[in-house]
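**Student:** Structure file model-v3.cif (mmCIF, C-alpha atoms and all ligand atoms) is given on the next line.
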```
data_entry
#
loop_
_atom_site.label_atom_id
_atom_site.label_comp_id
_atom_site.auth_asym_id
_atom_site.auth_seq_id
_atom_site.Cartn_x
_atom_site.Cartn_y
_atom_site.Cartn_z
CA SER A 398 22.02 -51.08 -12.97
CA ILE A 399 24.18 -49.65 -10.21
CA THR A 400 22.89 -49.72 -6.63
CA LEU A 401 22.48 -46.14 -5.50
CA LYS A 402 21.55 -44.71 -2.11
CA TYR A 403 21.08 -41.17 -3.46
CA GLY A 404 19.77 -41.78 -6.96
CA ALA A 405 16.35 -41.14 -8.52
CA GLN A 406 13.53 -41.59 -5.98
CA TYR A 407 11.07 -42.79 -8.70
CA ILE A 408 10.92 -43.49 -12.43
CA GLY A 409 8.47 -41.89 -14.90
CA LYS A 410 6.23 -38.82 -14.95
CA ARG A 411 4.35 -38.03 -11.72
CA GLN A 412 0.57 -38.23 -12.18
CA ASP A 413 -0.61 -36.52 -8.97
CA ALA A 414 -2.81 -33.41 -9.21
CA GLU A 415 -0.01 -30.98 -8.27
CA MET A 416 2.33 -32.23 -10.98
CA LYS A 417 -0.52 -32.32 -13.51
CA LYS A 418 -1.22 -28.66 -12.67
CA PHE A 419 2.49 -27.76 -13.08
CA ARG A 420 2.49 -29.53 -16.48
CA ALA A 421 -0.78 -27.90 -17.60
CA ASN A 422 0.48 -24.44 -16.53
CA ARG A 423 3.30 -24.63 -19.12
CA LEU A 424 4.12 -20.88 -18.98
CA GLY A 425 5.83 -19.31 -15.96
CA GLN A 426 7.39 -15.99 -15.01
CA PHE A 427 10.94 -16.10 -13.58
CA ILE A 428 11.93 -13.15 -11.36
CA HIS A 429 15.54 -12.36 -10.42
CA TRP A 430 15.52 -9.67 -7.74
CA GLY A 431 18.23 -8.93 -5.15
CA LEU A 432 21.00 -6.56 -4.15
CA TYR A 433 22.50 -7.01 -7.64
CA SER A 434 19.39 -5.16 -8.95
CA ILE A 435 20.75 -1.92 -7.39
CA PRO A 436 24.06 -1.51 -9.30
CA GLY A 437 22.56 -3.09 -12.44
CA GLY A 438 25.86 -4.33 -13.87
CA GLU A 439 27.78 -1.12 -13.25
CA TRP A 440 30.43 -0.54 -10.52
CA ASN A 441 32.70 2.48 -9.91
CA GLY A 442 31.83 3.87 -13.32
CA THR A 443 32.59 0.64 -15.19
CA THR A 444 29.80 -1.24 -16.95
CA TYR A 445 30.37 -5.01 -17.00
CA LEU A 446 29.04 -7.05 -19.93
CA GLY A 447 28.43 -10.23 -17.92
CA ALA A 448 25.20 -11.25 -16.22
CA ALA A 449 24.32 -8.46 -13.74
CA GLU A 450 23.58 -10.87 -10.87
CA TRP A 451 27.22 -12.01 -11.15
CA LEU A 452 28.66 -8.45 -10.90
CA ALA A 453 30.25 -9.06 -7.47
CA ASN A 454 32.18 -11.91 -9.07
CA PHE A 455 33.26 -10.13 -12.29
CA ALA A 456 34.17 -6.85 -10.54
CA LYS A 457 35.95 -8.73 -7.73
CA ILE A 458 34.02 -6.76 -5.11
CA PRO A 459 34.90 -7.76 -1.51
CA ASN A 460 31.97 -9.32 0.41
CA ALA A 461 31.98 -6.52 2.99
CA THR A 462 31.57 -3.92 0.22
CA TRP A 463 28.93 -5.87 -1.70
CA ASP A 464 26.96 -6.82 1.42
CA SER A 465 26.62 -3.17 2.43
CA LEU A 466 24.23 -2.83 -0.52
CA GLN A 467 21.66 -4.27 1.89
CA TYR A 468 21.47 -0.85 3.57
CA GLN A 469 20.38 0.64 0.24
CA PHE A 470 17.72 -1.96 -0.62
CA ASN A 471 14.46 -0.04 -0.33
CA PRO A 472 12.08 -0.86 -3.25
CA ASN A 473 9.65 1.94 -2.45
CA LYS A 474 7.97 1.53 -5.85
CA PHE A 475 7.36 -2.19 -5.34
CA ASN A 476 3.68 -3.02 -5.77
CA ALA A 477 3.12 -6.78 -5.54
CA VAL A 478 -0.50 -6.52 -6.67
CA GLN A 479 0.57 -4.62 -9.78
CA TRP A 480 3.27 -7.23 -10.52
CA ALA A 481 0.73 -10.05 -10.17
CA LYS A 482 -1.78 -8.21 -12.37
CA MET A 483 0.82 -7.76 -15.12
CA ALA A 484 1.87 -11.41 -14.83
CA LYS A 485 -1.72 -12.58 -15.14
CA ALA A 486 -2.35 -10.36 -18.18
CA SER A 487 0.79 -11.80 -19.81
CA GLY A 488 -0.62 -15.33 -19.48
CA PHE A 489 1.75 -16.64 -16.79
CA LYS A 490 0.19 -19.46 -14.76
CA TYR A 491 3.08 -19.76 -12.30
CA VAL A 492 5.95 -17.66 -11.02
CA THR A 493 9.40 -18.57 -9.68
CA ILE A 494 11.15 -15.88 -7.61
CA THR A 495 14.72 -15.75 -6.27
CA THR A 496 14.38 -16.03 -2.50
CA LYS A 497 18.21 -16.13 -2.25
CA HIS A 498 20.60 -15.90 -5.20
CA HIS A 499 24.36 -16.67 -5.15
CA GLU A 500 24.99 -13.40 -3.22
CA GLY A 501 23.23 -14.95 -0.20
CA PHE A 502 20.84 -12.03 0.45
CA CYS A 503 17.38 -13.26 1.52
CA LEU A 504 14.18 -11.57 0.33
CA TRP A 505 12.37 -12.88 3.44
CA PRO A 506 12.98 -12.30 7.18
CA SER A 507 14.99 -15.41 8.00
CA GLU A 508 15.67 -16.60 11.54
CA PHE A 509 18.98 -18.04 10.29
CA THR A 510 20.71 -14.93 9.01
CA GLU A 511 20.93 -11.15 9.43
CA PHE A 512 21.63 -10.81 5.68
CA ASP A 513 17.96 -10.49 4.84
CA ILE A 514 15.12 -8.07 4.06
CA GLU A 515 14.53 -7.35 7.75
CA ASN A 516 17.91 -5.59 7.92
CA THR A 517 17.22 -3.22 5.03
CA PRO A 518 15.41 0.14 4.96
CA TYR A 519 12.46 -1.79 3.52
CA LYS A 520 12.22 -3.96 6.65
CA LYS A 521 8.87 -5.60 5.75
CA ASP A 522 8.35 -9.25 4.71
CA LEU A 523 8.59 -8.55 0.98
CA LEU A 524 8.25 -12.23 0.08
CA LYS A 525 4.93 -12.47 1.91
CA GLU A 526 3.56 -9.48 0.02
CA PHE A 527 4.68 -11.18 -3.20
CA VAL A 528 3.29 -14.64 -2.36
CA ASP A 529 -0.07 -13.22 -1.23
CA ALA A 530 -0.51 -11.04 -4.34
CA TYR A 531 0.36 -13.77 -6.85
CA THR A 532 -1.69 -16.40 -4.98
CA GLU A 533 -4.65 -13.99 -4.94
CA ALA A 534 -4.23 -13.57 -8.70
CA GLY A 535 -4.43 -17.36 -9.12
CA ILE A 536 -0.77 -17.74 -10.10
CA ASP A 537 1.10 -20.69 -8.53
CA VAL A 538 4.22 -19.64 -6.59
CA TYR A 539 7.61 -21.41 -6.73
CA PHE A 540 10.81 -20.42 -4.92
CA TYR A 541 14.27 -20.25 -6.51
CA TYR A 542 16.99 -20.99 -3.95
CA SER A 543 20.73 -20.92 -4.68
CA ILE A 544 22.81 -23.56 -2.90
CA LEU A 545 25.94 -21.65 -3.95
CA ASP A 546 26.25 -18.85 -1.36
CA TRP A 547 29.06 -16.27 -1.65
CA HIS A 548 28.13 -14.68 1.71
CA HIS A 549 27.91 -17.63 4.10
CA LYS A 550 31.13 -18.34 6.01
CA ASP A 551 30.59 -22.11 5.87
CA TRP A 552 30.10 -22.33 2.07
CA ARG A 553 32.85 -24.35 0.37
CA TYR A 554 33.53 -24.79 -3.37
CA ASP A 555 35.33 -28.05 -2.67
CA ILE A 556 35.95 -30.38 0.26
CA LYS A 557 39.72 -30.71 0.64
CA ASN A 558 40.03 -31.67 4.32
CA GLN A 559 38.12 -32.40 7.51
CA ALA A 560 37.76 -28.69 8.24
CA ASP A 561 36.04 -28.13 4.89
CA SER A 562 33.82 -31.11 5.53
CA LEU A 563 32.76 -29.80 8.95
CA ALA A 564 32.12 -26.29 7.65
CA PHE A 565 30.11 -27.56 4.67
CA SER A 566 28.00 -29.76 6.95
CA LYS A 567 27.13 -26.58 8.88
CA TYR A 568 26.27 -24.87 5.59
CA PHE A 569 24.01 -27.80 4.68
CA GLU A 570 22.18 -27.47 8.03
CA PHE A 571 21.77 -23.72 7.37
CA ALA A 572 20.35 -24.30 3.86
CA LYS A 573 18.01 -27.06 5.06
CA ASN A 574 16.79 -24.87 7.93
CA GLN A 575 16.13 -21.99 5.53
CA LEU A 576 14.20 -24.22 3.11
CA LEU A 577 12.02 -25.67 5.87
CA GLU A 578 11.52 -22.11 7.14
CA LEU A 579 10.35 -21.05 3.67
CA GLN A 580 7.86 -23.94 3.53
CA GLN A 581 6.58 -23.15 7.01
CA LYS A 582 6.27 -19.35 6.54
CA TYR A 583 4.82 -19.56 3.01
CA PRO A 584 2.80 -22.83 2.87
CA GLU A 585 1.29 -21.81 -0.49
CA VAL A 586 4.63 -22.48 -2.18
CA LYS A 587 4.24 -25.28 -4.76
CA GLY A 588 7.89 -26.12 -5.28
CA PHE A 589 11.55 -25.20 -5.34
CA TRP A 590 13.91 -24.28 -8.17
CA PHE A 591 17.44 -25.02 -6.99
CA ASP A 592 20.49 -23.43 -8.61
CA GLY A 593 24.23 -23.15 -7.92
CA THR A 594 24.83 -26.88 -7.56
CA TRP A 595 27.71 -27.37 -10.00
CA ASP A 596 30.61 -27.14 -7.53
CA ALA A 597 32.64 -30.13 -6.33
CA SER A 598 31.48 -29.71 -2.73
CA TRP A 599 27.87 -30.38 -3.74
CA LYS A 600 28.74 -33.16 -6.18
CA LYS A 601 30.65 -34.94 -3.41
CA ASN A 602 27.59 -34.78 -1.16
CA GLY A 603 24.77 -36.54 -3.00
CA LYS A 604 23.28 -37.32 0.41
CA TYR A 605 22.79 -33.60 1.12
CA SER A 606 20.77 -33.06 -2.05
CA TYR A 607 18.80 -36.27 -1.45
CA ASP A 608 18.04 -35.20 2.14
CA ILE A 609 16.81 -31.77 1.08
CA GLN A 610 14.33 -33.28 -1.39
CA LYS A 611 13.24 -35.78 1.29
CA ALA A 612 12.84 -33.08 3.98
CA LEU A 613 10.74 -30.87 1.71
CA LYS A 614 8.52 -33.81 0.75
CA GLU A 615 7.97 -34.76 4.40
CA VAL A 616 6.37 -31.34 4.91
CA ASN A 617 4.55 -31.31 1.55
CA PRO A 618 4.43 -34.76 -0.12
CA ASN A 619 3.63 -33.24 -3.51
CA VAL A 620 6.17 -30.44 -3.46
CA ILE A 621 7.82 -30.07 -6.87
CA VAL A 622 11.64 -30.02 -6.97
CA ASN A 623 13.82 -29.45 -10.04
CA SER A 624 16.53 -31.90 -11.13
CA ARG A 625 19.26 -29.25 -10.71
CA LEU A 626 19.16 -29.77 -6.91
CA ARG A 627 20.35 -33.32 -7.27
CA ALA A 628 23.67 -35.12 -7.32
CA ASP A 629 23.82 -38.88 -6.78
CA ASP A 630 26.30 -41.10 -4.88
CA PHE A 631 28.90 -40.54 -7.60
CA GLY A 632 28.30 -36.83 -8.28
CA SER A 633 26.12 -37.39 -11.36
CA ARG A 634 23.74 -34.41 -11.71
CA HIS A 635 20.18 -34.17 -13.01
CA PHE A 636 20.29 -37.84 -14.13
CA ASP A 637 21.70 -40.46 -11.75
CA SER A 638 24.42 -42.96 -12.67
CA ASN A 639 21.73 -45.29 -14.03
CA GLY A 640 20.43 -42.54 -16.34
CA ASN A 641 17.26 -41.95 -14.33
CA LEU A 642 16.01 -38.39 -13.87
CA MET A 643 16.31 -37.11 -10.29
CA GLY A 644 13.93 -34.51 -8.95
CA ASP A 645 10.53 -34.02 -10.56
CA TYR A 646 11.48 -32.37 -13.86
CA GLN A 647 14.63 -31.78 -15.89
CA SER A 648 15.89 -28.22 -15.44
CA GLY A 649 19.10 -28.21 -17.46
CA TYR A 650 17.80 -26.09 -20.35
CA GLU A 651 19.06 -22.69 -19.26
CA ARG A 652 18.99 -20.22 -22.20
CA TYR A 653 18.63 -22.94 -24.81
CA LEU A 654 16.14 -25.57 -25.99
CA PRO A 655 16.31 -29.21 -27.15
CA ALA A 656 16.43 -29.88 -30.89
CA LYS A 657 13.06 -29.88 -32.69
CA ASN A 658 13.37 -33.63 -33.43
CA ASP A 659 14.47 -34.62 -29.92
CA THR A 660 11.89 -37.27 -28.99
CA LEU A 661 13.79 -38.43 -25.86
CA ILE A 662 12.99 -35.19 -24.02
CA THR A 663 9.27 -35.77 -24.62
CA LYS A 664 9.46 -38.84 -22.33
CA ILE A 665 10.20 -36.79 -19.18
CA ASP A 666 8.90 -33.60 -17.59
CA TRP A 667 11.21 -30.66 -18.24
CA GLU A 668 11.33 -26.86 -18.05
CA ALA A 669 13.46 -24.36 -19.99
CA CYS A 670 14.36 -21.01 -18.44
CA MET A 671 15.07 -18.07 -20.74
CA THR A 672 16.39 -14.50 -20.62
CA ILE A 673 15.02 -11.73 -22.83
CA PRO A 674 18.54 -10.40 -23.61
CA VAL A 675 21.25 -12.96 -24.45
CA ASN A 676 22.41 -13.38 -20.84
CA GLN A 677 20.99 -11.09 -18.18
CA TRP A 678 18.91 -12.48 -15.30
CA GLY A 679 19.22 -9.66 -12.77
CA TYR A 680 18.51 -6.05 -13.76
CA HIS A 681 21.22 -4.59 -16.03
CA LYS A 682 21.22 -0.86 -16.81
CA ASP A 683 22.24 -1.27 -20.45
CA TRP A 684 20.44 -3.82 -22.62
CA SER A 685 21.91 -2.30 -25.78
CA LEU A 686 25.02 -4.40 -25.09
CA SER A 687 23.46 -7.58 -26.50
CA HIS A 688 20.60 -8.79 -28.70
CA VAL A 689 17.20 -8.45 -27.00
CA LYS A 690 14.63 -11.02 -28.11
CA SER A 691 11.46 -9.74 -29.82
CA ALA A 692 8.00 -10.91 -28.78
CA ASN A 693 7.84 -13.24 -31.81
CA GLU A 694 11.22 -14.78 -30.96
CA ILE A 695 9.98 -15.44 -27.44
CA LEU A 696 6.62 -16.79 -28.63
CA GLU A 697 8.45 -19.24 -30.91
CA LEU A 698 10.65 -20.43 -28.03
CA ILE A 699 7.56 -20.90 -25.85
CA VAL A 700 5.64 -22.84 -28.51
CA LYS A 701 8.67 -24.97 -29.45
CA THR A 702 9.04 -25.88 -25.76
CA VAL A 703 5.38 -26.84 -25.37
CA SER A 704 5.50 -28.82 -28.64
CA LEU A 705 8.23 -30.95 -27.02
CA GLY A 706 6.22 -31.41 -23.79
CA GLY A 707 8.08 -28.85 -21.69
CA ASN A 708 7.40 -25.84 -19.46
CA PHE A 709 8.82 -22.40 -20.23
CA LEU A 710 10.04 -19.92 -17.61
CA LEU A 711 10.54 -16.38 -19.00
CA ASN A 712 12.81 -14.16 -16.92
CA TYR A 713 12.24 -10.62 -15.62
CA GLY A 714 14.83 -8.59 -13.74
CA PRO A 715 13.08 -5.79 -11.83
CA LYS A 716 15.08 -2.72 -10.78
CA GLY A 717 16.18 -2.06 -7.21
CA ASP A 718 13.24 0.31 -6.78
CA GLY A 719 10.69 -2.42 -7.60
CA THR A 720 9.75 -1.31 -11.13
CA PHE A 721 10.17 -3.17 -14.44
CA ARG A 722 12.08 -1.73 -17.42
CA ASN A 723 10.16 -0.69 -20.52
CA GLU A 724 11.43 -3.57 -22.68
CA GLU A 725 9.91 -6.03 -20.20
CA LEU A 726 6.63 -4.12 -20.02
CA GLU A 727 6.40 -4.12 -23.83
CA ILE A 728 7.19 -7.84 -24.11
CA SER A 729 4.58 -8.56 -21.44
CA ASN A 730 1.97 -6.62 -23.36
CA SER A 731 2.74 -8.32 -26.71
CA ILE A 732 2.88 -11.81 -25.22
CA GLY A 733 -0.29 -11.18 -23.23
CA ASN A 734 -2.17 -10.18 -26.39
CA TRP A 735 -1.09 -13.35 -28.18
CA MET A 736 -1.80 -15.60 -25.17
CA SER A 737 -5.30 -14.16 -24.77
CA LYS A 738 -6.08 -15.46 -28.29
CA TYR A 739 -4.22 -18.76 -28.46
CA ALA A 740 -2.93 -19.99 -25.07
CA ASP A 741 -6.07 -21.95 -24.16
CA LYS A 742 -5.59 -24.01 -27.30
CA VAL A 743 -1.83 -24.39 -27.75
CA ILE A 744 -0.11 -23.48 -24.43
CA TYR A 745 -2.13 -24.54 -21.39
CA TYR A 746 -2.44 -28.37 -21.37
CA GLY A 747 -0.28 -28.28 -24.51
CA ASP A 748 1.95 -31.30 -25.11
CA TYR A 749 3.93 -33.34 -27.67
CA ALA A 750 1.71 -34.33 -30.64
CA ASN A 751 3.98 -37.09 -31.96
CA LEU A 752 3.69 -35.84 -35.56
CA LYS A 753 6.64 -35.44 -37.93
CA PRO A 754 8.17 -31.97 -37.45
CA GLN A 755 7.77 -29.57 -40.40
CA ASP A 756 9.50 -26.32 -41.38
CA TRP A 757 6.50 -24.00 -41.03
CA GLY A 758 6.29 -24.33 -37.21
CA TYR A 759 5.24 -26.71 -34.45
CA TYR A 760 2.49 -29.19 -33.57
CA VAL A 761 0.77 -29.12 -30.19
CA LYS A 762 -1.65 -31.66 -28.78
CA ASN A 763 -4.04 -30.24 -26.17
CA THR A 764 -4.33 -32.96 -23.52
CA ASN A 765 -7.50 -31.37 -22.12
CA SER A 766 -9.54 -31.22 -25.35
CA GLY A 767 -7.64 -33.95 -27.20
CA LYS A 768 -7.34 -31.57 -30.17
CA PHE A 769 -4.30 -31.27 -32.46
CA TYR A 770 -2.99 -27.89 -33.64
CA GLY A 771 -0.31 -26.48 -35.91
CA VAL A 772 1.32 -23.18 -34.90
CA VAL A 773 2.81 -21.32 -37.88
CA PHE A 774 5.90 -19.16 -37.46
CA ASN A 775 7.45 -19.55 -40.93
CA LEU A 776 5.15 -18.71 -43.85
CA PRO A 777 6.05 -20.93 -46.86
CA LEU A 778 6.59 -19.12 -50.18
CA SER A 779 4.74 -22.08 -51.72
CA LYS A 780 1.72 -20.96 -49.69
CA LEU A 781 1.34 -24.64 -48.77
CA LEU A 782 1.69 -26.13 -45.28
CA LYS A 783 3.05 -29.67 -45.53
CA ILE A 784 1.70 -32.30 -43.12
CA GLU A 785 2.87 -35.92 -42.94
CA LEU A 786 0.63 -38.27 -40.93
CA PRO A 787 1.52 -41.67 -39.51
CA ASN A 788 0.46 -44.67 -41.63
CA GLY A 789 -3.21 -45.39 -41.26
CA LYS A 790 -4.06 -41.81 -40.36
CA LYS A 791 -5.88 -39.65 -42.87
CA LEU A 792 -6.39 -35.88 -42.79
CA LYS A 793 -10.06 -35.03 -42.46
CA VAL A 794 -10.52 -31.32 -41.74
CA VAL A 795 -8.25 -28.34 -41.22
CA ASN A 796 -9.88 -25.46 -39.35
CA PHE A 797 -8.47 -21.96 -39.38
CA GLU A 798 -10.53 -19.57 -37.26
CA THR A 799 -14.07 -20.04 -38.67
CA GLU A 800 -13.04 -21.41 -42.09
CA LYS A 801 -11.98 -24.83 -43.38
CA LEU A 802 -8.71 -24.78 -45.29
CA GLU A 803 -8.34 -26.54 -48.65
CA TYR A 804 -5.74 -29.27 -48.92
CA HIS A 805 -4.54 -31.88 -51.38
CA HIS A 806 -2.87 -35.23 -50.85
CA HIS A 807 0.28 -36.38 -52.60
CA ASP A 808 0.56 -40.17 -52.41
CA LYS A 809 4.34 -39.99 -51.77
CA MET A 810 4.89 -36.73 -49.90
CA GLY A 811 1.82 -36.26 -47.72
CA TYR A 812 -0.79 -33.51 -47.40
CA PHE A 813 -0.45 -29.89 -48.50
CA ILE A 814 -2.75 -27.36 -46.86
CA SER A 815 -3.43 -24.10 -48.71
CA LEU A 816 -2.80 -21.00 -46.60
CA PRO A 817 -5.88 -18.93 -45.78
CA GLU A 818 -6.55 -15.91 -48.00
CA ASN A 819 -5.78 -13.34 -45.35
CA THR A 820 -2.95 -14.88 -43.35
CA PRO A 821 -2.45 -13.06 -40.02
CA ASN A 822 0.86 -11.22 -39.68
CA GLU A 823 1.48 -12.85 -36.33
CA PRO A 824 2.10 -16.50 -35.37
CA PHE A 825 -1.22 -18.23 -36.00
CA ILE A 826 -2.80 -21.66 -35.38
CA PHE A 827 -4.86 -24.16 -37.31
CA GLU A 828 -6.69 -27.23 -35.99
CA ILE A 829 -6.08 -30.63 -37.57
CA LEU A 830 -8.78 -33.33 -37.49
CA MET A 831 -7.57 -36.79 -38.46
CA GLU A 832 -9.35 -40.13 -38.93
C1 LIG B 901 19.06 -19.31 -13.65
C2 LIG B 901 20.46 -18.77 -13.81
N1 LIG B 901 21.44 -19.63 -13.20
C3 LIG B 901 22.55 -18.78 -12.73
C4 LIG B 901 23.83 -19.27 -13.31
N2 LIG B 901 25.02 -19.12 -12.81
C5 LIG B 901 25.90 -19.71 -13.62
C6 LIG B 901 27.29 -19.86 -13.60
C7 LIG B 901 27.91 -20.56 -14.60
C8 LIG B 901 27.20 -21.11 -15.62
C9 LIG B 901 25.82 -21.00 -15.64
C10 LIG B 901 25.19 -20.27 -14.64
N3 LIG B 901 23.88 -20.00 -14.41
C11 LIG B 901 22.21 -17.39 -13.23
O1 LIG B 901 22.74 -16.38 -12.42
C12 LIG B 901 20.68 -17.43 -13.14
O2 LIG B 901 20.24 -17.43 -11.81
#
```
Kindly present the structure from the file in structure tokens form.
Ligand SMILES: C[C@@H]1N[C@@H](c2nc3ccccc3[nH]2)[C@H](O)[C@@H]1O
**Tutor:**
Amino acid sequence: SITLKYGAQYIGKRQDAEMKKFRANRLGQFIHWGLYSIPGGEWNGTTYLGAAEWLANFAKIPNATWDSLQYQFNPNKFNAVQWAKMAKASGFKYVTITTKHHEGFCLWPSEFTEFDIENTPYKKDLLKEFVDAYTEAGIDVYFYYSILDWHHKDWRYDIKNQADSLAFSKYFEFAKNQLLELQQKYPEVKGFWFDGTWDASWKKNGKYSYDIQKALKEVNPNVIVNSRLRADDFGSRHFDSNGNLMGDYQSGYERYLPAKNDTLITKIDWEACMTIPVNQWGYHKDWSLSHVKSANEILELIVKTVSLGGNFLLNYGPKGDGTFRNEELEISNSIGNWMSKYADKVIYYGDYANLKPQDWGYYVKNTNSGKFYGVVFNLPLSKLLKIELPNGKKLKVVNFETEKLEYHHHDKMGYFISLPENTPNEPFIFEILME
């Protein structure tokens, strides 16, 4: 292997209590909220199709114009307790909120910039209200922080000369100061979700990303940091030049999932983040411009993720006034109903079952109870659920709700479980007992 100064700090899955809690949580709420939530993808009468939090970029809006949105940011309908209540009812065990997105606007009163909540009509420490409400509701809080910063004068996309290098070192100091400030002001925070780390300037400075992880861990030794923060000595991201995962979990799955038969991903901790429309993180006024995922589509993505040993972060983009759009409220309600019935069995503590994938759905092993489950999304016309067990394992009992399902064994092809008489018309689970 190659000797690295800024490579992976350790190999293998962390087994401390904080990381075990993150893993057991499995389902998190992502919140993208900032100045971009005000225009909602529309500028001077033109609606832009791209992701609403990138509007300034697509519409080529000068910084001075965009930044003046801060004088309009006044979410007078924001009710943190209501948000936390909805999140809890939806089954979210953790939340990750944008403290600062690419635009550079900070949702907390920062000592290191004027471009923050303090200098808006809202004035108050919005992030504190948020952290307190979600913590009170028993939901773990994580902070999203964008390294890419369109507002900060010392941000550089690349390092072409000494001047760039000096400026970017000042930007690094600014970012590190802000992150330590966030840990100090909001000590409940469990970890950081870094974004905007794909530019050359960051890839050329593996030391910066290494130092940020080190600084955060000095304050909180069990802080959880995503792999997207990290670049190594040679600019390799997420995985160092020796192929070892950097950070505490792999965070490359943005709006897509690994293949169903990907067993490599089950060896590391990972988290997928997902939008409800095709590609909108911040609030966009018009969701008719793309496909919007149904509750069942989202439930399948969540269960597929858990079946491969990953966490799932579902995104919400509240409006500038602090309210959620109807589509998000409806999804929350549907998902919450399903989670109230099944999450304790197949989401929380859910993990890879190491059984051969089948067409009807996904297997989940509950690491708390030790029980194995099947989650059915695709009803077979044969009315038979095929199960193939590893050599030496025999199927004993299949429980569906309060009944035992019939099954037969085919010496060459495996077991075939008969569907229950009245199959639910929603994704359902069955428990598998083997011997
Ligand atoms: C979690 C997501 N990451 C940001 C983002 N910006 C991108 C630019 C290019 C390619 C992918 C991107 N993802 C999105 O704005 C959102 O915050």
**Student:** So which residues touch Ala421 in chain A within 7 Å, counting only C-alpha atoms, skipping near sequence neighbours fewer than 5 positions away, as a PDB file with C-alpha atoms, keeping the file's coordinate frame?
**Tutor:**
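Heads up, here's the output in result_31.pdb:
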```
ATOM      1  CA  TYR A 745      -2.130 -24.540 -21.390  1.00  0.00           C
ATOM      2  CA  TYR A 746      -2.440 -28.370 -21.370  1.00  0.00           C
ATOM      3  CA  GLY A 747      -0.280 -28.280 -24.510  1.00  0.00           C
TER       4      GLY A 747
END
```
**Student:** Any idea what the distance is between CA of Asn641 in chain A and CA of Val761 in chain A?
**Tutor:**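 Distance between the two atoms: 26.2 Å.
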**Student:** Within 7 Å of ligand LIG 901 (chain B), which residues of chain A come that close, and what is the closest atom pair and distance in Å for each? Count all atoms listed in the file and give it as CSV.
**Tutor:**
```
residue,atom,partner,partner_atom,distance
A:Ala448,CA,B:LIG901,O1,6.8
A:Glu450,CA,B:LIG901,O1,5.8
A:Trp451,CA,B:LIG901,O1,6.4
A:His498,CA,B:LIG901,O2,6.8
A:Asp592,CA,B:LIG901,N1,6.0
A:Gly593,CA,B:LIG901,N2,6.4
A:Glu651,CA,B:LIG901,C1,6.5
A:Cys670,CA,B:LIG901,C1,6.9
A:Trp678,CA,B:LIG901,C12,5.7
```
**Student:** Show me a table, sorted first by chain and then by increasing residue number, of the residues of range 417-501 of chain A having an atom at most 12 Å from range 665-668 of chain A, each with its shortest atom pair and the distance in Å to one decimal, counting all atoms listed in the file and written as a tab-separated table.
**Tutor:**
```
residue	atom	partner	partner_atom	distance
A:Lys417	CA	A:Asp666	CA	10.3
A:Phe419	CA	A:Asp666	CA	9.8
A:Arg420	CA	A:Asp666	CA	7.7
A:Ala421	CA	A:Asp666	CA	11.2
A:Asn422	CA	A:Glu668	CA	11.2
A:Arg423	CA	A:Glu668	CA	8.4
A:Leu424	CA	A:Glu668	CA	9.4
A:Gly425	CA	A:Glu668	CA	9.6
A:Gln426	CA	A:Glu668	CA	12.0
A:Phe427	CA	A:Glu668	CA	11.7
A:Thr493	CA	A:Glu668	CA	11.9
```
**Student:** Restricting it to C-alpha atoms, dump the selection as a PDB file, in the frame of the given file.
**Tutor:**
```pdb
ATOM      1  CA  LYS A 417      -0.520 -32.320 -13.510  1.00  0.00           C
ATOM      2  CA  PHE A 419       2.490 -27.760 -13.080  1.00  0.00           C
ATOM      3  CA  ARG A 420       2.490 -29.530 -16.480  1.00  0.00           C
ATOM      4  CA  ALA A 421      -0.780 -27.900 -17.600  1.00  0.00           C
ATOM      5  CA  ASN A 422       0.480 -24.440 -16.530  1.00  0.00           C
ATOM      6  CA  ARG A 423       3.300 -24.630 -19.120  1.00  0.00           C
ATOM      7  CA  LEU A 424       4.120 -20.880 -18.980  1.00  0.00           C
ATOM      8  CA  GLY A 425       5.830 -19.310 -15.960  1.00  0.00           C
ATOM      9  CA  GLN A 426       7.390 -15.990 -15.010  1.00  0.00           C
ATOM     10  CA  PHE A 427      10.940 -16.100 -13.580  1.00  0.00           C
ATOM     11  CA  THR A 493       9.400 -18.570  -9.680  1.00  0.00           C
TER      12      THR A 493
END
```
**Student:** Looking at all atoms listed in the file, which of A:Pro518, A:Gly437, A:Pro817, A:Gly404 is the one that sits closest to Lys682 in chain A?
**Tutor:**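 Looking only at the distances to Lys682 in chain A, the closest residue turns out to be A:Gly437.
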**Student:** Go through range 493-529 of chain A residue by residue and, counting all atoms listed in the file, keep those with an atom at most 12 Å from range 711-729 of chain A; for each kept residue give the shortest atom pair and its distance in Å to one decimal, ordered by chain and increasing number, as CSV.
**Tutor:**
```
residue,atom,partner,partner_atom,distance
A:Thr493,CA,A:Asn712,CA,9.1
A:Ile494,CA,A:Asn712,CA,9.6
A:Thr495,CA,A:Gly714,CA,10.3
A:Pro518,CA,A:Asp718,CA,11.9
A:Tyr519,CA,A:Asp718,CA,10.5
A:Leu523,CA,A:Gly719,CA,10.8
A:Phe527,CA,A:Gly719,CA,11.5
```
**Student:** Within 8 Å of Asn602 in chain A, counting all atoms listed in the file, which residues qualify if same-chain residues fewer than 6 places away don't, as a list of chain:residue names?
**Tutor:**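 Everything that qualifies: A:Ala628, A:Asp629, A:Asp630, A:Gly632.
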